[in-house]
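Student: What follows is run-v4.cif, mmCIF, C-alpha atoms and all ligand atoms.
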data_data
loop_
_atom_site.label_atom_id
_atom_site.label_comp_id
_atom_site.auth_asym_id
_atom_site.auth_seq_id
_atom_site.Cartn_x
_atom_site.Cartn_y
_atom_site.Cartn_z
CA MET A 72 9.42 33.79 35.50
CA PRO A 73 10.77 36.09 32.75
CA ASP A 74 9.24 39.46 32.01
CA TRP A 75 7.72 38.34 28.71
CA ASN A 76 7.09 41.88 27.44
CA SER A 77 10.79 42.66 27.75
CA VAL A 78 11.69 39.36 26.08
CA TYR A 79 9.42 40.02 23.10
CA ALA A 80 10.42 43.68 22.80
CA GLU A 81 13.80 42.34 21.62
CA LYS A 82 12.42 39.71 19.23
CA SER A 83 10.84 39.72 15.84
CA VAL A 84 7.82 37.70 14.67
CA GLU A 85 9.68 36.93 11.44
CA ASN A 86 12.11 34.78 13.46
CA SER A 87 9.47 32.81 15.38
CA THR A 88 9.31 29.15 14.43
CA PRO A 89 6.76 26.34 14.84
CA ALA A 90 7.39 23.58 17.38
CA ASP A 91 8.75 20.23 16.23
CA VAL A 92 5.59 18.47 17.39
CA ILE A 93 3.63 20.18 14.67
CA LEU A 94 6.34 20.16 12.00
CA LYS A 95 6.95 16.43 12.42
CA ASN A 96 3.22 15.65 12.40
CA SER A 97 2.05 18.10 9.76
CA HIS A 98 0.63 15.22 7.70
CA LEU A 99 -2.18 15.04 10.29
CA LEU A 100 -3.40 18.57 9.50
CA SER A 101 -6.52 18.92 7.34
CA CYS A 102 -5.53 22.54 6.65
CA LYS A 103 -9.04 23.89 7.02
CA GLY A 104 -11.02 25.25 9.93
CA LYS A 105 -10.08 27.09 13.08
CA ALA A 106 -6.89 26.79 15.11
CA LEU A 107 -5.76 28.12 18.48
CA ASP A 108 -2.14 28.89 19.40
CA TYR A 109 -2.36 28.80 23.21
CA ALA A 110 0.24 30.85 25.13
CA SER A 111 1.54 31.67 21.70
CA GLY A 112 4.57 33.83 22.32
CA LEU A 113 5.29 35.33 18.90
CA ALA A 114 3.00 32.72 17.33
CA GLY A 115 5.49 30.55 15.48
CA ASN A 116 2.83 27.84 15.58
CA GLY A 117 -0.03 30.18 14.71
CA ILE A 118 1.73 31.70 11.72
CA TYR A 119 2.58 28.24 10.42
CA LEU A 120 -1.06 27.17 10.75
CA ALA A 121 -2.39 30.39 9.17
CA LYS A 122 -0.07 29.84 6.19
CA LYS A 123 -1.45 26.30 5.93
CA GLY A 124 -4.99 27.68 5.58
CA TYR A 125 -6.36 27.78 9.12
CA GLU A 126 -8.17 30.74 10.64
CA VAL A 127 -6.03 31.23 13.71
CA LYS A 128 -6.37 32.81 17.13
CA ALA A 129 -3.29 33.35 19.28
CA TRP A 130 -3.63 33.98 23.02
CA ASP A 131 -0.84 35.20 25.26
CA LEU A 132 -0.25 37.25 28.38
CA SER A 133 2.24 39.56 26.65
CA GLU A 134 0.75 42.70 25.14
CA VAL A 135 3.99 43.22 23.22
CA ALA A 136 3.76 39.79 21.59
CA VAL A 137 0.07 40.25 20.76
CA GLU A 138 0.68 43.65 19.19
CA LYS A 139 3.55 42.29 17.08
CA ILE A 140 1.52 39.29 15.91
CA ASN A 141 -1.43 41.43 14.88
CA GLN A 142 0.80 43.82 12.96
CA TYR A 143 2.54 40.93 11.21
CA ALA A 144 -0.81 39.31 10.32
CA LYS A 145 -2.08 42.59 8.87
CA ASN A 146 1.09 43.20 6.85
CA ASN A 147 1.00 39.67 5.47
CA SER A 148 -2.78 39.36 5.00
CA LEU A 149 -2.96 36.30 7.25
CA LEU A 150 -6.15 35.04 8.88
CA LEU A 151 -4.56 35.33 12.30
CA SER A 152 -5.50 37.51 15.23
CA ALA A 153 -4.03 37.65 18.70
CA ASP A 154 -5.57 38.58 22.04
CA VAL A 155 -4.17 39.21 25.49
CA TYR A 156 -5.30 36.74 28.16
CA ASP A 157 -3.86 35.81 31.49
CA LEU A 158 -4.62 32.15 30.94
CA GLU A 159 -3.88 31.26 34.54
CA ASN A 160 -6.71 33.48 35.67
CA GLU A 161 -9.13 34.00 32.78
CA SER A 162 -10.09 31.71 29.93
CA PRO A 163 -12.71 32.58 27.33
CA LYS A 164 -15.90 30.67 28.11
CA ILE A 165 -16.11 28.65 24.92
CA GLN A 166 -16.42 24.98 23.99
CA ASN A 167 -16.12 22.90 20.81
CA GLN A 168 -14.65 25.73 18.73
CA TYR A 169 -11.31 24.62 17.35
CA ASP A 170 -10.12 22.05 14.82
CA VAL A 171 -6.57 22.38 16.09
CA VAL A 172 -5.12 23.53 19.42
CA VAL A 173 -1.36 23.82 19.78
CA VAL A 174 0.64 24.45 22.93
CA SER A 175 4.40 24.67 23.07
CA TYR A 176 6.55 25.37 26.11
CA PHE A 177 3.74 26.38 28.41
CA LEU A 178 2.02 24.52 31.22
CA HIS A 179 -0.75 25.51 33.57
CA ARG A 180 -1.98 22.07 34.59
CA GLU A 181 -5.25 23.33 36.01
CA ASN A 182 -6.20 24.24 32.42
CA LEU A 183 -5.21 21.06 30.63
CA ARG A 184 -8.80 19.85 30.32
CA TYR A 185 -9.82 23.28 29.05
CA LEU A 186 -7.75 22.46 25.94
CA TYR A 187 -9.94 19.40 25.41
CA ASP A 188 -13.12 21.39 25.97
CA VAL A 189 -12.34 24.01 23.32
CA LEU A 190 -11.61 21.38 20.65
CA LYS A 191 -14.37 20.31 18.30
CA LYS A 192 -15.15 16.59 18.09
CA GLY A 193 -12.42 15.25 15.80
CA GLY A 194 -10.15 18.19 16.58
CA LEU A 195 -6.41 17.73 17.17
CA LEU A 196 -4.33 18.72 20.17
CA PHE A 197 -0.60 19.22 19.57
CA TYR A 198 1.48 19.64 22.74
CA GLN A 199 5.22 19.96 23.27
CA THR A 200 6.86 20.99 26.49
CA PHE A 201 9.31 20.05 29.21
CA SER A 202 8.85 17.08 31.48
CA GLY A 203 10.48 15.34 34.41
CA LEU A 204 13.35 16.92 36.28
CA GLN A 205 15.21 19.83 34.77
CA TYR A 206 18.06 18.49 32.64
CA LYS A 207 21.22 20.50 31.91
CA GLU A 208 19.36 23.68 32.89
CA GLN A 209 17.01 23.37 29.90
CA GLY A 210 13.52 24.70 30.46
CA PRO A 211 12.00 25.73 33.76
CA ALA A 212 13.15 24.21 37.04
CA ARG A 213 9.80 24.45 38.82
CA GLU A 214 7.72 21.28 38.92
CA ALA A 215 4.60 23.33 38.25
CA PHE A 216 5.95 24.12 34.78
CA ARG A 217 7.08 20.60 33.86
CA LEU A 218 4.93 17.62 32.97
CA LYS A 219 5.17 14.47 34.99
CA LYS A 220 5.91 11.12 33.32
CA ASN A 221 2.95 10.09 31.15
CA GLU A 222 0.94 13.00 32.44
CA LEU A 223 -0.63 13.97 29.11
CA LEU A 224 -1.47 10.32 28.41
CA ASN A 225 -3.37 10.19 31.69
CA VAL A 226 -5.07 13.58 31.46
CA PHE A 227 -6.21 12.93 27.87
CA SER A 228 -6.88 9.21 28.14
CA ASP A 229 -10.28 9.75 26.49
CA MET A 230 -8.63 11.06 23.32
CA GLN A 231 -7.31 8.98 20.43
CA LEU A 232 -3.54 9.04 20.69
CA LEU A 233 -1.84 9.79 17.36
CA TYR A 234 1.73 10.45 18.46
CA TYR A 235 3.67 10.31 21.71
CA ARG A 236 7.31 10.70 22.59
CA GLU A 237 8.95 11.42 25.91
CA ASP A 238 12.72 11.81 25.81
CA ASP A 239 14.24 11.20 29.22
CA GLU A 240 17.76 11.96 30.44
CA ASN A 241 19.09 8.86 28.66
CA ALA A 242 18.12 10.14 25.22
CA ASN A 243 21.14 11.11 23.16
CA GLY A 244 22.24 11.94 19.65
CA PRO A 245 21.36 14.87 17.42
CA GLU A 246 17.64 14.00 17.29
CA SER A 247 17.19 13.79 21.05
CA LYS A 248 15.25 16.33 23.09
CA GLN A 249 16.06 15.40 26.66
CA GLY A 250 13.32 16.27 29.09
CA GLN A 251 10.65 17.01 26.49
CA VAL A 252 7.29 15.50 25.64
CA PHE A 253 5.61 15.45 22.24
CA PHE A 254 1.92 14.61 22.13
CA VAL A 255 -0.74 14.61 19.42
CA ALA A 256 -4.27 13.32 19.99
CA LYS A 257 -7.73 13.55 18.49
CA LYS A 258 -10.89 14.40 20.45
C1 LIG B 1 8.34 29.74 26.80
S1 LIG B 1 7.18 30.84 26.07
C2 LIG B 1 6.52 29.85 24.77
C3 LIG B 1 5.89 30.67 23.71
C4 LIG B 1 5.48 29.89 22.45
N1 LIG B 1 4.40 28.96 22.70
C5 LIG B 1 6.66 29.21 21.85
O1 LIG B 1 6.72 27.97 21.82
O2 LIG B 1 7.57 29.92 21.39
C6 LIG B 1 5.87 30.88 27.26
C7 LIG B 1 4.75 31.82 26.88
O3 LIG B 1 3.73 31.73 27.85
C8 LIG B 1 3.18 33.02 28.03
N2 LIG B 1 2.54 33.06 29.34
C9 LIG B 1 3.11 32.94 30.55
N3 LIG B 1 2.18 33.03 31.52
C10 LIG B 1 1.00 33.21 30.88
C11 LIG B 1 -0.33 33.38 31.31
N4 LIG B 1 -0.64 33.38 32.61
N5 LIG B 1 -1.29 33.56 30.40
C12 LIG B 1 -0.99 33.56 29.08
N6 LIG B 1 0.24 33.39 28.60
C13 LIG B 1 1.23 33.22 29.49
C14 LIG B 1 4.37 33.96 27.93
O4 LIG B 1 4.01 35.27 27.64
C15 LIG B 1 5.17 33.29 26.83
O5 LIG B 1 4.81 33.81 25.57
#
Translate the structure of the given file into structure tokens.
Ligand SMILES: C[S@@+](CC[C@H](N)C(=O)[O-])C[C@H]1O[C@@H](n2cnc3c(N)ncnc32)[C@H](O)[C@@H]1O
Tutor:
Amino acid sequence: MPDWNSVYAEKSVENSTPADVILKNSHLLSCKGKALDYASGLAGNGIYLAKKGYEVKAWDLSEVAVEKINQYAKNNSLLLSADVYDLENESPKIQNQYDVVVVSYFLHRENLRYLYDVLKKGGLLFYQTFSGLQYKEQGPAREAFRLKKNELLNVFSDMQLLYYREDDENANGPESKQGQVFFVAKK
């Protein structure tokens, strides 16, 4: 596991980018309401959503990332604020709060249903992360940090599926994302 504070000390919020799962499905966004960037890093997703008109919260373990996001939001007058949480050990006790929740490149499977709980009825969950076995050293090697085949479909089977893609090791060509899952569903 990297030391995320050291990683983000070297990076700038200006260079953070939204995940493909949200860029390629942006037509599904109503662009109003509240959004959560969960395990946000430097909030590439959160900044994108704030610029689209959402009031955004970003949660991450890294104090450095949170500090940088809050400074960026202030300088750019964005409705975005970040808080430090160790999401493996403490989750705000809330339910039915968000119109959009986005997670990219983070997995703590014990909390997957928490993502459902914090969505409002009709809210959208966007998820993109690694799955299956590690491929060409991309993403984490540990099983705990990689989705299993169809895992999100099973965990969120009570949601309305809007988009799903799971590129396995046979995927190829410039558009392929071997070993990654893209998931969008409505509560
Ligand atoms: C691979 S980065 C992804 C960041 C961002 N979502 C993105 O797509 O750029 C994983 C993030 O998870 C955060 N993280 C790791 N463990 C965490 C925990 N227990 N609680 C909250 N955030 C955590 C790290 O600080 C890091 O920002």
Student: When you look at A:Val255 with a cut-off of 12 Å (counting all atoms listed in the file), what residues show up, excluding the ones that are within fewer than 4 positions of it in the same chain? I need them as a count of residues only.
Tutor: 33
Student: Please enclose the listed atoms of ligand LIG 1 (chain B) in an axis-aligned box, pad each side by 8 Å, and write out the centre and the three edge lengths in Å, rounded to one decimal, as lines of an AutoDock Vina configuration file.
Tutor:
center_x = 3.5
center_y = 31.6
center_z = 27.0
size_x = 25.6
size_y = 23.3
size_z = 27.2
Student: Could you give me, as a list in words, the residues within 7 Å of stretch 108-113 of chain A, counting all atoms listed in the file and dropping anything in the same chain fewer than 3 positions from it?
Tutor: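 That gives Val84, Ser87, Asn116, Gly117, Lys128, Ala129, Trp130, Asp131, Ala136, Ile140, Val172, Val173, Val174 and Phe177 of chain A.
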Student: Interatomic distance between atom CA of A:Ser133 and atom CA of A:Gly250?
Tutor: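 Atom-to-atom, atom CA of A:Ser133 to atom CA of A:Gly250, that is 25.9 Å.
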Student: Go through A:Val135, A:Leu218, A:Cys102, A:Leu190 one by one, measure the shortest atom-to-atom distance of each to A:Lys82 using all atoms listed in the file, and give the residue with the smallest value.
Tutor: A:Val135
Student: Quick one, how far is atom CA of A:Glu161 from atom N5 of ligand LIG 1 (chain B)?
Tutor: 8.2 Å
Student: May I ask which of the residues A:Thr200, A:Ser101, A:Asn86, A:Asn225 is the closest one to A:Ile118, counting only C-alpha atoms?
Tutor: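 With only C-alpha atoms as the atom set, the closest residue is A:Asn86.
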Student: Report, in Å with one decimal, the straight-line distance from atom CA of A:Phe253 to atom CA of A:Glu237.
Tutor: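 Interatomic distance, atom CA of A:Phe253 to atom CA of A:Glu237: 6.4 Å.
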Student: Do a neighbour search on stretch 147-152 of chain A at 10 Å with all atoms listed in the file, toss out local chain neighbours closer than 2 positions, and write the hits as a ChimeraX atom specification.
Tutor: /A:105-108,114,117-118,120-122,124-130,137-138,140-145,154
Student: I'd like to know which of A:Asp74, A:Glu85, A:Asp170, A:Glu214 is closest to A:Asp188, using all atoms listed in the file.
Tutor: A:Asp170
Student: Got a moment to write stretch 73-123 of chain A out with N, CA and C atoms, as a short mmCIF file (atom, residue, chain, number, x, y, z; two decimals), in the first residue's frame?
Tutor:
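Once everything was written out, this is result-v1.cif:
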data_model
loop_
_atom_site.label_atom_id
_atom_site.label_comp_id
_atom_site.auth_asym_id
_atom_site.auth_seq_id
_atom_site.Cartn_x
_atom_site.Cartn_y
_atom_site.Cartn_z
N PRO A 73 0.70 2.16 -0.98
CA PRO A 73 1.55 3.36 -1.02
C PRO A 73 1.30 4.26 0.19
N ASP A 74 2.27 5.12 0.46
CA ASP A 74 2.04 6.18 1.44
C ASP A 74 1.37 7.32 0.68
N TRP A 75 0.05 7.41 0.81
CA TRP A 75 -0.72 8.32 -0.05
C TRP A 75 -0.37 9.78 0.19
N ASN A 76 0.01 10.14 1.42
CA ASN A 76 0.41 11.53 1.65
C ASN A 76 1.65 11.89 0.84
N SER A 77 2.59 10.95 0.77
CA SER A 77 3.81 11.23 -0.02
C SER A 77 3.47 11.30 -1.50
N VAL A 78 2.57 10.42 -1.93
CA VAL A 78 2.17 10.44 -3.35
C VAL A 78 1.57 11.79 -3.70
N TYR A 79 0.64 12.27 -2.86
CA TYR A 79 -0.09 13.50 -3.20
C TYR A 79 0.75 14.76 -2.94
N ALA A 80 1.78 14.64 -2.11
CA ALA A 80 2.66 15.79 -1.90
C ALA A 80 3.32 16.19 -3.22
N GLU A 81 3.49 15.21 -4.11
CA GLU A 81 4.18 15.44 -5.39
C GLU A 81 3.22 15.80 -6.52
N LYS A 82 1.91 15.76 -6.24
CA LYS A 82 0.94 15.93 -7.34
C LYS A 82 0.11 17.19 -7.14
N SER A 83 -0.47 17.62 -8.24
CA SER A 83 -1.26 18.84 -8.20
C SER A 83 -2.72 18.52 -8.56
N VAL A 84 -3.63 19.19 -7.86
CA VAL A 84 -5.06 18.98 -8.12
C VAL A 84 -5.40 19.34 -9.57
N GLU A 85 -4.72 20.34 -10.09
CA GLU A 85 -5.00 20.80 -11.47
C GLU A 85 -4.84 19.66 -12.48
N ASN A 86 -3.98 18.68 -12.15
CA ASN A 86 -3.74 17.58 -13.08
C ASN A 86 -4.62 16.36 -12.82
N SER A 87 -5.50 16.43 -11.81
CA SER A 87 -6.34 15.25 -11.54
C SER A 87 -7.47 15.19 -12.56
N THR A 88 -7.82 13.98 -12.95
CA THR A 88 -8.80 13.82 -14.03
C THR A 88 -9.93 12.89 -13.60
N PRO A 89 -11.13 13.09 -14.16
CA PRO A 89 -12.23 12.17 -13.84
C PRO A 89 -12.02 10.80 -14.48
N ALA A 90 -12.66 9.81 -13.89
CA ALA A 90 -12.56 8.44 -14.41
C ALA A 90 -13.41 8.30 -15.67
N ASP A 91 -12.98 7.38 -16.53
CA ASP A 91 -13.72 7.13 -17.78
C ASP A 91 -15.19 6.78 -17.53
N VAL A 92 -15.45 6.05 -16.43
CA VAL A 92 -16.83 5.61 -16.20
C VAL A 92 -17.78 6.79 -16.10
N ILE A 93 -17.29 7.90 -15.63
CA ILE A 93 -18.17 9.06 -15.50
C ILE A 93 -18.13 9.89 -16.78
N LEU A 94 -16.95 9.99 -17.39
CA LEU A 94 -16.86 10.76 -18.64
C LEU A 94 -17.71 10.13 -19.74
N LYS A 95 -17.65 8.78 -19.81
CA LYS A 95 -18.36 8.10 -20.91
C LYS A 95 -19.86 7.96 -20.63
N ASN A 96 -20.27 8.29 -19.41
CA ASN A 96 -21.69 8.19 -19.06
C ASN A 96 -22.23 9.51 -18.53
N SER A 97 -21.62 10.59 -18.94
CA SER A 97 -21.99 11.90 -18.39
C SER A 97 -23.41 12.30 -18.78
N HIS A 98 -23.93 11.68 -19.86
CA HIS A 98 -25.30 11.99 -20.27
C HIS A 98 -26.32 11.56 -19.22
N LEU A 99 -25.90 10.72 -18.26
CA LEU A 99 -26.83 10.25 -17.23
C LEU A 99 -26.93 11.22 -16.05
N LEU A 100 -26.06 12.23 -16.04
CA LEU A 100 -26.02 13.16 -14.90
C LEU A 100 -27.11 14.23 -15.02
N SER A 101 -27.84 14.43 -13.93
CA SER A 101 -28.86 15.50 -13.95
C SER A 101 -28.22 16.86 -13.70
N CYS A 102 -27.01 16.86 -13.16
CA CYS A 102 -26.26 18.08 -12.88
C CYS A 102 -26.92 18.96 -11.83
N LYS A 103 -27.64 18.36 -10.91
CA LYS A 103 -28.11 19.09 -9.74
C LYS A 103 -28.19 18.14 -8.55
N GLY A 104 -27.99 18.72 -7.37
CA GLY A 104 -28.04 17.91 -6.16
C GLY A 104 -26.66 17.70 -5.56
N LYS A 105 -26.57 16.63 -4.75
CA LYS A 105 -25.36 16.39 -3.98
C LYS A 105 -24.60 15.16 -4.49
N ALA A 106 -23.29 15.28 -4.52
CA ALA A 106 -22.47 14.17 -5.01
C ALA A 106 -21.35 13.87 -4.03
N LEU A 107 -20.95 12.60 -4.00
CA LEU A 107 -19.87 12.15 -3.12
C LEU A 107 -18.77 11.50 -3.96
N ASP A 108 -17.55 12.01 -3.81
CA ASP A 108 -16.37 11.38 -4.41
C ASP A 108 -15.70 10.58 -3.29
N TYR A 109 -15.85 9.25 -3.36
CA TYR A 109 -15.49 8.35 -2.26
C TYR A 109 -14.07 7.82 -2.48
N ALA A 110 -13.20 8.01 -1.49
CA ALA A 110 -11.76 7.70 -1.65
C ALA A 110 -11.24 8.48 -2.85
N SER A 111 -11.35 9.78 -2.71
CA SER A 111 -11.29 10.71 -3.85
C SER A 111 -9.91 10.92 -4.45
N GLY A 112 -8.84 10.61 -3.68
CA GLY A 112 -7.55 11.09 -4.15
C GLY A 112 -7.62 12.59 -4.29
N LEU A 113 -7.11 13.13 -5.40
CA LEU A 113 -7.14 14.59 -5.60
C LEU A 113 -8.44 15.03 -6.28
N ALA A 114 -9.45 14.20 -6.18
CA ALA A 114 -10.84 14.57 -6.54
C ALA A 114 -11.03 14.94 -8.01
N GLY A 115 -10.38 14.19 -8.88
CA GLY A 115 -10.66 14.38 -10.31
C GLY A 115 -12.15 14.23 -10.60
N ASN A 116 -12.77 13.25 -9.96
CA ASN A 116 -14.22 13.05 -10.16
C ASN A 116 -15.02 14.18 -9.51
N GLY A 117 -14.62 14.53 -8.28
CA GLY A 117 -15.37 15.55 -7.54
C GLY A 117 -15.32 16.91 -8.20
N ILE A 118 -14.16 17.26 -8.72
CA ILE A 118 -14.02 18.56 -9.38
C ILE A 118 -14.88 18.59 -10.65
N TYR A 119 -14.85 17.49 -11.37
CA TYR A 119 -15.68 17.38 -12.59
C TYR A 119 -17.16 17.58 -12.24
N LEU A 120 -17.59 16.92 -11.16
CA LEU A 120 -19.00 17.00 -10.77
C LEU A 120 -19.35 18.39 -10.23
N ALA A 121 -18.43 19.01 -9.49
CA ALA A 121 -18.68 20.36 -8.98
C ALA A 121 -18.81 21.34 -10.15
N LYS A 122 -17.98 21.16 -11.16
CA LYS A 122 -18.06 22.05 -12.34
C LYS A 122 -19.34 21.82 -13.12
N LYS A 123 -19.92 20.63 -12.98
CA LYS A 123 -21.19 20.32 -13.65
C LYS A 123 -22.38 20.87 -12.86
#
